[in-house]
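Heads up, the thing below is written out as structure tokens.
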2 protein chains.
Amino acid sequence: MSTRRELANCIRALSMDAVQRANSGHPGMPLGMADIAQVLWCDFLKHNPGNPQWLDRDRFVLSNGHGSMLLYSLLHLTGYPLSMEDIRNFRQLGSHTAGHPEHEPALGIETTTGPLGQGLANAVGLALAERMLAAQFNRPGLPIVDHYTYVFCGDGCLMEGISHEACSLAGTLRLGKLIAFYDDNGISIDGKVEGWFTDDTPKRFEAYGWHVERIDGHDPEAVAAAIRAARAESTRPSMICCRTIIGWGAPHKQGTHEVHGEALGADEVAATRQAIGWPYEPFVIPAELRSSWDHRSRGAAAESAWRDLLARYRGAHPRLAAELERRMAGELPADWKETVSQALAAGLAQKAPQATRQSSQATLNVISPSIPEIFGGSADLTGSNNTRFKAASELDSKEATGNYIHYGVREFGMTALMNGIALHGGILPYGGTFLVFCDYARNAVRLAALMNTRVVLVYTHDSVGLGEDGPTHQPIEHLASLRALPNLCLWRPCDAFETAVAWTAAVERAGPTALVLTRQALPQQARTALQQADARRGGYVLIDCQGTPECLVIATGSEVGVAAQAVSALNSGGRRVRLVSMPSTEVFDAQDEAYRESVLPRAVRRRLAVEAGATLSWWRYVGLDGRVIGIDRFGASGKGAEVLAHFGFTAEHVAREARELLQL
Amino acid sequence: MSTRRELANCIRALSMDAVQRANSGHPGMPLGMADIAQVLWCDFLKHNPGNPQWLDRDRFVLSNGHGSMLLYSLLHLTGYPLSMEDIRNFRQLGSHTAGHPEHEPALGIETTTGPLGQGLANAVGLALAERMLAAQFNRPGLPIVDHYTYVFCGDGCLMEGISHEACSLAGTLRLGKLIAFYDDNGISIDGKVEGWFTDDTPKRFEAYGWHVERIDGHDPEAVAAAIRAARAESTRPSMICCRTIIGWGAPHKQGTHEVHGEALGADEVAATRQAIGWPYEPFVIPAELRSSWDHRSRGAAAESAWRDLLARYRGAHPRLAAELERRMAGELPADWKETVSQALAAGLAQKAPQATRQSSQATLNVISPSIPEIFGGSADLTGSNNTRFKAASELDSKEATGNYIHYGVREFGMTALMNGIALHGGILPYGGTFLVFCDYARNAVRLAALMNTRVVLVYTHDSVGLGEDGPTHQPIEHLASLRALPNLCLWRPCDAFETAVAWTAAVERAGPTALVLTRQALPQQARTALQQADARRGGYVLIDCQGTPECLVIATGSEVGVAAQAVSALNSGGRRVRLVSMPSTEVFDAQDEAYRESVLPRAVRRRLAVEAGATLSWWRYVGLDGRVIGIDRFGASGKGAEVLAHFGFTAEHVAREARELLQL
């Protein structure tokens, strides 16, 4: 029978050979964590390589994603559809085996990792999702949702601040089914970490309320015992601190930073083969070892047992079963179209001026009863972000049926948790903070866009119009900066109706959406039925003139009202000016050319964009002959209306700029 | 004689009255921390209100910056040039008393705070700067640099991940003169923190190697004892955990989140007056209390004693004294111009292709011996960022004379520390990471720009050209996103010469600069003397044609070489195409109109920009009739050259696009 060490050496051999062949990659971590991975994947992990998307599988996250060959080796060896050819093509263009793991559920890659610390936070989100779904769907004797979340992480993950945010919250929430393994190898890229990282990590995690184990990561029995202890602990997350040797088995390089991030070199590969007793050619796994690793039949049996449970569950709770399946499939409720109509009607019914953050809450109040998968939260700005809908109930360490969470002052942790929740499936998370503090979460927003997770980012206090809190709180560059991010859909609505449009589009979108909302009240715009329909197209004519326009004014959000006054005044004065409301440049850009031309005719070159943020977003629409009324410097503390006027966001100033353009 | 409580109540009265008058602000924290502040500022803080920029003053940072009225009250009461009129104008447009403290050294505001956690990280940087300067300049019996750094922080600061990064590093570095006060009031904006923040914070800080005290923050004797203990502890930073009541003294609101972020209301203000025994009108401080607070004569005496020491120091070490003063004034060395010439000459001498990250290191090797204030580092990517110059020596917990630091995997902490170091003065910090991970540090980069700190951000691996590490590591939106940030100067040089230009411009700039550098080798471009001079203008003609150009091609960094091949081929084929190298759009935009017109003539509308990043940056320069070869989607893992070709960054593709433009 294959020994554990021999099985672990399969990972080592594949990893060092693939890195060597690519002449690029990180062999140190897979060699160091192979023994831990072998125990976890062979003895504990509940998964079915034949169906990587089995609902009740355990989730496995490789937060130290540079060690991607560890994951690819595990997937290949246990029988996922990741071939030896894929392994041989490690890090090559077009392969499934990218330098860092990229979310690919059909292959068993649960999340994209590499940006350190975020996998750990995703794992907290995955574990939280499991806990919520279990609370919502399990019934006595029918634990239809019941799985663990395992995560590997390294020194880098634990140095990153996000590890603090996510793990502190996991401790508070008492996520007992989250089990983390810390690859405590004492080495990071610059060398021995003792010069820059001397935390007592076990003590740190005890301070977060975690259950902590300290073991030798090369002792399989110790690993197994620690996993058993962690699984026995049901009310605290577990951190298993594993002393390991990075690059274990590479006789001249193990335990040094040389083995971290580059190929071992042919000589050291040969020496490692010798040292670990691996006489086989590159990319060859002997049949006996392959057979020991193969998890397909055991996985199928495990899923089959669960399917029996599901059948019993369906028999007892047919509606719940159908609902769970709908939600896990990411499908909208059957009556969603009606819900949208109600939300839009409510937006239209709003007549008095209203801050769009309040319009957002009003939309949430309409839609939330119809989409039970919605799960709100805020990074300690609930009252300011208006993120709590009327029927919301709090989720906390005791009550997991809640649908609203207080994330604390943890924007990055919140966003990465939301990614994890969305990756799990079954829940549609949204979370709020001030627009300026999307900065803190920036790379998690990027990963949402890269993975296409269905999350809604509620960003309020969206310009200098927020007033007194001053420049530290007033976003300037953020709209441009978020628009530059591929695959993020940003909406900056101008009133209650556009807010309802934006929210419903966000719920319908398979990927991430940012809703950018005002602190201050905005007037409601009048619209024809056609304009109402066109609002969903991201940009549309809100006020038109007689005949061909001589000037186009484009505005978003709080500037639409100001621009509307200016345009009306100009048109009353005999000019021909068109106002385009452009709540989402991304959505508008995705329309067909004929529509775009109908809104912004190419021939009209006198163009003026108005937005209380960096001008960078707008040159694309106004060109070399146009102008932008924007803000390319930092804001100022003062009353919101005064600050907006100070920066030129008045109808008079917009009209003056338009008149100047017309006279050029 | 005034009691401590009466003195603290001066802060409470000013704070609640100013917030009430503005009807905006955060009274809870000043009321809660007033007792602590009174003890620290009256009994311990070494400062001179008559000279807020005294070199050897203790530094005080209010990391929980929403409590700005605490700081304004202290500055006003102790005699800084912050008048009662300023206090009355709290949060009004144009006042010195913004909603959150804004760096204003002439008033004693050491740093801009409000974005939570960053003040704490700035304080770590300030304390580190003190330690470095002391090690470099102090001589036996002449401790010319010898001061403490004190920082107040709240629950929000300690929930933020950056608190982990900064405080973990402070523990490792053993910054014994850093003393933090944690306002442990159990309340954040959403309510009682026990639902989302249950860390054992003292234990957490012990795990970082800090000295920890636990006290009642309303017991002045306990506060004084804790400060004495913290000052007695010379090898570990100190965290004084102070149990406090938020809004202390407001009888109906104290201890609740209602008192956190809005005015108390007239009734509660009146009730508070009653409760704390404060019979005076708003904005009136009785003479006796005012006199007890006034620190001007004591401050002047303290500085005077130090000036005597400085005189003795100057006598013994005249050159050192002059050097310290030069560096604290932020002046460049007398031979700086020569250094620049050498750096540029070295850039020109480089003939073989070279990655600009290597060119950067080569420039550092030339300039570092001439600017001893330079202080390098990297967030655990020293070898990849090429940030370590030849003569660098390591700074660590034992050796403070080093000029290179390993920040660990802590991009946000690194950047905020660099801000603190720069704010202290005397040191010019630069720090490296991959461009994509500027995301992690995003809001600290913003605060650098807002405060105009002199820091150099070294961002390598600047495009998909980095290759195998794949989409998680390949920046796309980052160039646009950084350019959208006001007051950040970004350079993306195309070869060794432009890299030398960029580095010397960065050193000369009073504010922050981002140097964006390649992983891969780039060819060296030929330049005339005029072109060499114009390179400093941010954008200049690198290849011109005979007569008026019919097409302008604009490129940066690694795309200049590709574009140069394309343009040369087009011109050889009889076209008239001009190539503009634009390493810094910010610097180019700041040139006079005549120069800009000479480079990019308005009349030429066939324009093509080429940059391996989001197109958003370039519409401003190419207009509605131009094109941009950029990347508006995520990258791919593969060999760098293959990935670049995949995305269209080849001379052939650039030439084809230009030809199409010419045929339109």
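Naming scheme: A, B, ... for chains in displayed order of the structure tokens; residues 1 onward per chain; ligands 1 onward as shown.
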
Exercise for review: Up to 6 Å from chain A, what residues of chain B turn up? Count only C-alpha atoms and give them as a PyMOL selection string.
Suggested key: chain B and resi 91-93+98-99+156+159-162+164-165+172+189-190+196+198-200+203-204+207-208+380+408-410+439+442-443+468-470+477+481+484-486+619-620+623-624+632-633+637-638

Take the residues from that selection and put them in a file with N, CA and C atoms, as a compact mmCIF listing (two decimals), in the first residue's frame.
```txt
# COMPACT_ATOMS: atom_id res chain seq x y z
N ARG B 91 -15.86 73.19 10.67
CA ARG B 91 -16.54 72.54 9.53
C ARG B 91 -17.15 73.52 8.54
N GLN B 92 -16.67 74.77 8.53
CA GLN B 92 -17.18 75.72 7.55
C GLN B 92 -16.16 75.88 6.42
N LEU B 93 -16.67 76.18 5.25
CA LEU B 93 -15.82 76.33 4.07
C LEU B 93 -14.75 77.39 4.31
N ALA B 98 -11.33 71.86 9.68
CA ALA B 98 -12.09 70.98 8.81
C ALA B 98 -12.73 69.86 9.62
N GLY B 99 -13.67 69.18 8.99
CA GLY B 99 -14.37 68.07 9.65
C GLY B 99 -13.41 67.05 10.23
N GLY B 156 -12.61 51.68 15.63
CA GLY B 156 -12.55 51.63 14.17
C GLY B 156 -11.13 51.42 13.68
N MET B 159 -10.16 47.86 14.20
CA MET B 159 -10.82 46.87 13.34
C MET B 159 -10.17 46.85 11.96
N GLU B 160 -9.71 48.01 11.50
CA GLU B 160 -9.11 48.10 10.17
C GLU B 160 -7.85 47.24 10.08
N GLY B 161 -7.67 46.60 8.96
CA GLY B 161 -6.53 45.74 8.74
C GLY B 161 -5.20 46.45 8.85
N ILE B 162 -5.17 47.72 8.50
CA ILE B 162 -3.89 48.42 8.53
C ILE B 162 -3.33 48.49 9.94
N HIS B 164 -3.27 46.11 11.97
CA HIS B 164 -2.48 44.88 12.11
C HIS B 164 -1.12 45.04 11.44
N GLU B 165 -1.12 45.51 10.22
CA GLU B 165 0.15 45.62 9.49
C GLU B 165 1.12 46.54 10.23
N THR B 172 7.83 44.28 15.91
CA THR B 172 9.07 43.66 15.41
C THR B 172 10.24 44.64 15.48
N ILE B 189 -20.23 53.19 15.04
CA ILE B 189 -21.39 53.87 14.46
C ILE B 189 -22.64 52.99 14.49
N ASP B 190 -22.49 51.72 14.22
CA ASP B 190 -23.66 50.85 14.18
C ASP B 190 -24.19 50.47 15.56
N TRP B 196 -19.85 42.81 16.62
CA TRP B 196 -18.95 42.65 15.47
C TRP B 196 -17.47 42.81 15.80
N THR B 198 -15.03 41.52 18.95
CA THR B 198 -14.88 40.91 20.26
C THR B 198 -13.43 40.51 20.53
N ASP B 199 -12.50 41.10 19.77
CA ASP B 199 -11.08 40.81 20.01
C ASP B 199 -10.72 41.03 21.47
N ASP B 200 -9.81 40.22 21.95
CA ASP B 200 -9.11 40.53 23.20
C ASP B 200 -7.93 41.41 22.77
N LYS B 203 -4.46 41.24 24.49
CA LYS B 203 -3.76 40.00 24.13
C LYS B 203 -3.22 40.07 22.70
N ARG B 204 -4.02 40.66 21.82
CA ARG B 204 -3.56 40.83 20.43
C ARG B 204 -2.26 41.63 20.39
N ALA B 207 0.64 39.81 21.55
CA ALA B 207 1.12 38.88 20.50
C ALA B 207 2.02 39.60 19.50
N TYR B 208 1.87 40.92 19.39
CA TYR B 208 2.75 41.70 18.51
C TYR B 208 4.05 42.11 19.21
N ASP B 380 8.22 43.10 0.78
CA ASP B 380 8.62 41.71 0.56
C ASP B 380 8.83 41.35 -0.91
N GLY B 408 7.89 43.64 4.97
CA GLY B 408 7.01 42.47 4.99
C GLY B 408 5.88 42.66 3.99
N VAL B 409 4.99 41.68 3.93
CA VAL B 409 3.89 41.72 2.95
C VAL B 409 2.80 42.64 3.48
N ARG B 410 3.08 43.94 3.44
CA ARG B 410 2.22 44.92 4.08
C ARG B 410 2.23 46.20 3.25
N ASP B 439 -3.22 48.68 -5.22
CA ASP B 439 -4.61 48.55 -4.74
C ASP B 439 -4.69 48.41 -3.23
N ARG B 442 -4.14 51.71 -1.57
CA ARG B 442 -4.75 52.81 -2.31
C ARG B 442 -5.04 54.07 -1.48
N ASN B 443 -5.65 53.92 -0.33
CA ASN B 443 -6.03 55.13 0.40
C ASN B 443 -4.83 55.82 1.04
N GLU B 468 3.79 35.25 -16.71
CA GLU B 468 3.22 34.03 -16.16
C GLU B 468 2.39 34.20 -14.90
N ASP B 469 2.67 35.21 -14.10
CA ASP B 469 1.93 35.32 -12.84
C ASP B 469 0.43 35.54 -13.08
N GLY B 470 0.07 35.99 -14.27
CA GLY B 470 -1.33 35.97 -14.68
C GLY B 470 -2.16 37.17 -14.22
N GLU B 477 -6.15 48.50 -14.93
CA GLU B 477 -6.79 49.78 -14.67
C GLU B 477 -5.92 50.72 -13.85
N SER B 481 -6.23 54.72 -13.02
CA SER B 481 -6.73 54.94 -11.67
C SER B 481 -5.78 55.85 -10.87
N ALA B 484 -5.97 59.44 -12.20
CA ALA B 484 -7.18 60.17 -11.79
C ALA B 484 -7.01 60.83 -10.43
N LEU B 485 -6.02 60.38 -9.68
CA LEU B 485 -5.80 60.91 -8.32
C LEU B 485 -5.11 62.27 -8.40
N PRO B 486 -5.72 63.31 -7.86
CA PRO B 486 -5.07 64.62 -7.93
C PRO B 486 -3.72 64.62 -7.19
N TRP B 619 -8.31 59.08 -24.02
CA TRP B 619 -9.27 59.79 -24.88
C TRP B 619 -9.04 61.28 -24.81
N ARG B 620 -8.55 61.75 -23.71
CA ARG B 620 -8.25 63.16 -23.57
C ARG B 620 -7.25 63.63 -24.62
N GLY B 623 -9.08 62.12 -28.55
CA GLY B 623 -10.37 62.68 -28.96
C GLY B 623 -11.29 61.69 -29.65
N LEU B 624 -12.39 62.24 -30.18
CA LEU B 624 -13.44 61.39 -30.77
C LEU B 624 -12.99 60.75 -32.08
N ASP B 632 -8.89 46.72 -22.08
CA ASP B 632 -10.04 46.97 -21.22
C ASP B 632 -10.66 45.66 -20.72
N ARG B 633 -9.83 44.66 -20.60
CA ARG B 633 -10.28 43.42 -19.97
C ARG B 633 -9.10 42.88 -19.15
N SER B 637 -2.36 34.46 -18.14
CA SER B 637 -1.10 33.87 -17.71
C SER B 637 -0.41 33.23 -18.91
N GLY B 638 0.84 33.57 -19.12
CA GLY B 638 1.62 33.03 -20.23
C GLY B 638 2.94 33.76 -20.30
```

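Contact shell of A:Val124 at 10 Å (only C-alpha atoms; same-chain neighbours under 6 positions omitted): A:Gln118, A:Glu130, A:Thr149, A:Tyr150, A:Val151, A:Ala166, A:Cys167, A:Leu169, A:Ala170, A:Gly171, A:Leu173, A:Leu175, A:Lys177, A:Leu178, A:Ile179, A:Ala180, A:Pro237, A:Gly413, A:Ala416, A:Leu417, A:Met418, A:Asn419, A:Gly420, A:Ile421.
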
Might you pull out every residue within 10 Å of B:Gly249, with only C-alpha atoms counted and same-chain residues fewer than 5 positions away left off, and present them as a short mmCIF file (atom, residue, chain, number, x, y, z; two decimals) with all heavy atoms, in the first residue's frame?
```
data_model
loop_
_atom_site.label_atom_id
_atom_site.label_comp_id
_atom_site.auth_asym_id
_atom_site.auth_seq_id
_atom_site.Cartn_x
_atom_site.Cartn_y
_atom_site.Cartn_z
N ASN B 9 -12.89 69.41 31.09
CA ASN B 9 -14.21 69.92 30.68
C ASN B 9 -14.11 71.08 29.70
O ASN B 9 -15.06 71.35 28.97
CB ASN B 9 -15.04 70.29 31.91
CG ASN B 9 -15.58 69.06 32.62
OD1 ASN B 9 -15.58 67.96 32.05
ND2 ASN B 9 -16.05 69.23 33.86
N ARG B 12 -14.39 69.36 26.60
CA ARG B 12 -15.77 68.89 26.39
C ARG B 12 -16.67 70.04 25.95
O ARG B 12 -17.46 69.89 25.01
CB ARG B 12 -16.29 68.26 27.68
CG ARG B 12 -15.56 66.98 28.07
CD ARG B 12 -16.26 66.19 29.17
NE ARG B 12 -15.65 64.88 29.29
CZ ARG B 12 -14.73 64.54 30.21
NH1 ARG B 12 -14.35 65.43 31.13
NH2 ARG B 12 -14.22 63.33 30.21
N GLY B 28 -18.84 62.59 20.56
CA GLY B 28 -18.65 61.49 21.50
C GLY B 28 -17.21 61.24 21.89
O GLY B 28 -16.88 61.09 23.08
N LEU B 31 -15.51 64.05 24.13
CA LEU B 31 -16.02 63.99 25.50
C LEU B 31 -15.45 62.78 26.23
O LEU B 31 -15.14 62.83 27.42
CB LEU B 31 -17.56 63.95 25.51
CG LEU B 31 -18.26 65.33 25.57
CD1 LEU B 31 -17.92 66.19 24.37
CD2 LEU B 31 -19.77 65.18 25.71
N GLY B 32 -15.29 61.68 25.48
CA GLY B 32 -14.81 60.44 26.11
C GLY B 32 -13.31 60.45 26.38
O GLY B 32 -12.84 59.87 27.36
N GLN B 254 -24.68 59.58 26.72
CA GLN B 254 -23.36 58.97 26.87
C GLN B 254 -23.46 57.45 26.86
O GLN B 254 -24.48 56.87 27.24
CB GLN B 254 -22.68 59.45 28.15
CG GLN B 254 -23.34 58.98 29.43
CD GLN B 254 -22.58 59.42 30.67
OE1 GLN B 254 -21.78 60.36 30.63
NE2 GLN B 254 -22.82 58.76 31.79
N GLY B 255 -22.42 56.84 26.33
CA GLY B 255 -22.40 55.38 26.29
C GLY B 255 -23.25 54.78 25.17
O GLY B 255 -23.43 53.58 25.11
N GLU B 268 -29.62 68.50 25.11
CA GLU B 268 -28.60 67.66 25.71
C GLU B 268 -27.33 68.47 26.01
O GLU B 268 -26.64 68.20 26.99
CB GLU B 268 -28.28 66.46 24.79
CG GLU B 268 -27.32 65.45 25.38
CD GLU B 268 -27.93 64.57 26.49
OE1 GLU B 268 -29.10 64.80 26.86
OE2 GLU B 268 -27.22 63.68 26.98
N VAL B 269 -27.06 69.46 25.18
CA VAL B 269 -25.92 70.35 25.48
C VAL B 269 -26.16 71.04 26.82
O VAL B 269 -25.27 71.10 27.68
CB VAL B 269 -25.71 71.39 24.35
CG1 VAL B 269 -24.78 72.50 24.80
CG2 VAL B 269 -25.16 70.70 23.09
N ALA B 271 -28.12 70.02 29.21
CA ALA B 271 -28.08 69.02 30.28
C ALA B 271 -26.64 68.63 30.61
O ALA B 271 -26.30 68.37 31.77
CB ALA B 271 -28.89 67.78 29.87
N THR B 272 -25.80 68.60 29.59
CA THR B 272 -24.39 68.26 29.81
C THR B 272 -23.70 69.35 30.62
O THR B 272 -22.93 69.08 31.55
CB THR B 272 -23.67 68.05 28.46
OG1 THR B 272 -24.40 67.07 27.70
CG2 THR B 272 -22.24 67.58 28.66
N ARG B 273 -23.98 70.61 30.26
CA ARG B 273 -23.44 71.74 31.05
C ARG B 273 -23.74 71.53 32.53
O ARG B 273 -22.87 71.67 33.39
CB ARG B 273 -24.08 73.05 30.61
CG ARG B 273 -23.52 73.61 29.32
CD ARG B 273 -23.93 75.08 29.13
NE ARG B 273 -22.83 75.81 28.53
CZ ARG B 273 -22.39 75.59 27.30
NH1 ARG B 273 -22.93 74.66 26.55
NH2 ARG B 273 -21.36 76.28 26.84
N GLN B 274 -25.00 71.21 32.78
CA GLN B 274 -25.45 70.97 34.14
C GLN B 274 -24.67 69.80 34.76
O GLN B 274 -24.11 69.91 35.86
CB GLN B 274 -26.95 70.60 34.07
CG GLN B 274 -27.67 70.61 35.38
CD GLN B 274 -28.16 72.03 35.70
OE1 GLN B 274 -28.43 72.82 34.80
NE2 GLN B 274 -28.25 72.35 36.99
N ALA B 275 -24.64 68.72 34.03
CA ALA B 275 -24.08 67.48 34.58
C ALA B 275 -22.59 67.62 34.89
O ALA B 275 -22.10 67.08 35.88
CB ALA B 275 -24.30 66.32 33.61
N ILE B 276 -21.86 68.33 34.05
CA ILE B 276 -20.41 68.42 34.28
C ILE B 276 -20.04 69.68 35.04
O ILE B 276 -18.87 69.94 35.32
CB ILE B 276 -19.59 68.33 32.96
CG1 ILE B 276 -19.81 69.57 32.07
CG2 ILE B 276 -19.92 67.05 32.19
CD1 ILE B 276 -18.89 69.60 30.84
N GLY B 277 -21.06 70.48 35.38
CA GLY B 277 -20.79 71.69 36.16
C GLY B 277 -20.05 72.73 35.33
O GLY B 277 -18.97 73.20 35.71
#
```

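Those residues of stretch 292-450 of chain B that DSSP, working from the backbone, places in strand (DSSP E or B) are Gln354, Ala355, Ile374, Phe375, Gly376, Gly377, Ser378, Glu394, Tyr404, Ile405, His406, Leu428, Pro429, Tyr430, Gly431, Gly432, Thr433 and Phe434 of chain B.
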
Practice item. Return the single residue from B:Tyr540, B:Tyr313, B:Trp210, B:Tyr459 that is closest to B:Pro143, with distances computed using only C-alpha atoms. Key: B:Tyr313

Practice item. Extract, using only C-alpha atoms, all DNA, RNA and protein residues at most 9 Å from B:Lys351, discarding same-chain residues fewer than 2 positions from it, and format them as a ChimeraX atom specification. Key: /B:347-349,353-354,496,523-525

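Atom CA of A:Asp335 to atom CA of A:Pro429 spans 19.9 Å [interatomic distance, one decimal].
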
Practice item. To one decimal in Å, tell me the separation between atom CA of B:Arg319 and atom CA of B:Ala300. Key: 26.1 Å

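If you measure from each of B:His317, B:Thr499, B:Asp308, B:Arg236 to B:Leu364 using only C-alpha atoms, the closest one turns out to be B:Thr499.
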
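The shortest atom-to-atom distance to A:Thr548, with only C-alpha atoms taken into account, belongs to A:Arg575 out of A:Arg659, A:Arg575, A:His257, A:His218.
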
Exercise for review: List the neighbours of B:Ile36 out to 12 Å using only C-alpha atoms; skip same-chain residues closer than 3 positions along the sequence, and give me the result as a ChimeraX atom specification.
Suggested key: /B:4-5,7-9,11,29-33,39-45,70,74,150-152,180-183,215-227,240-245

**Study point:** Residue contacts of B:Glu550 (12 Å, only C-alpha atoms) excluding same-chain residues fewer than 4 positions away, as a VMD selection string
**Key:** chain B and resid 544 to 546 567 570 to 571 574 to 579 600 to 608 658 to 659 661 to 664
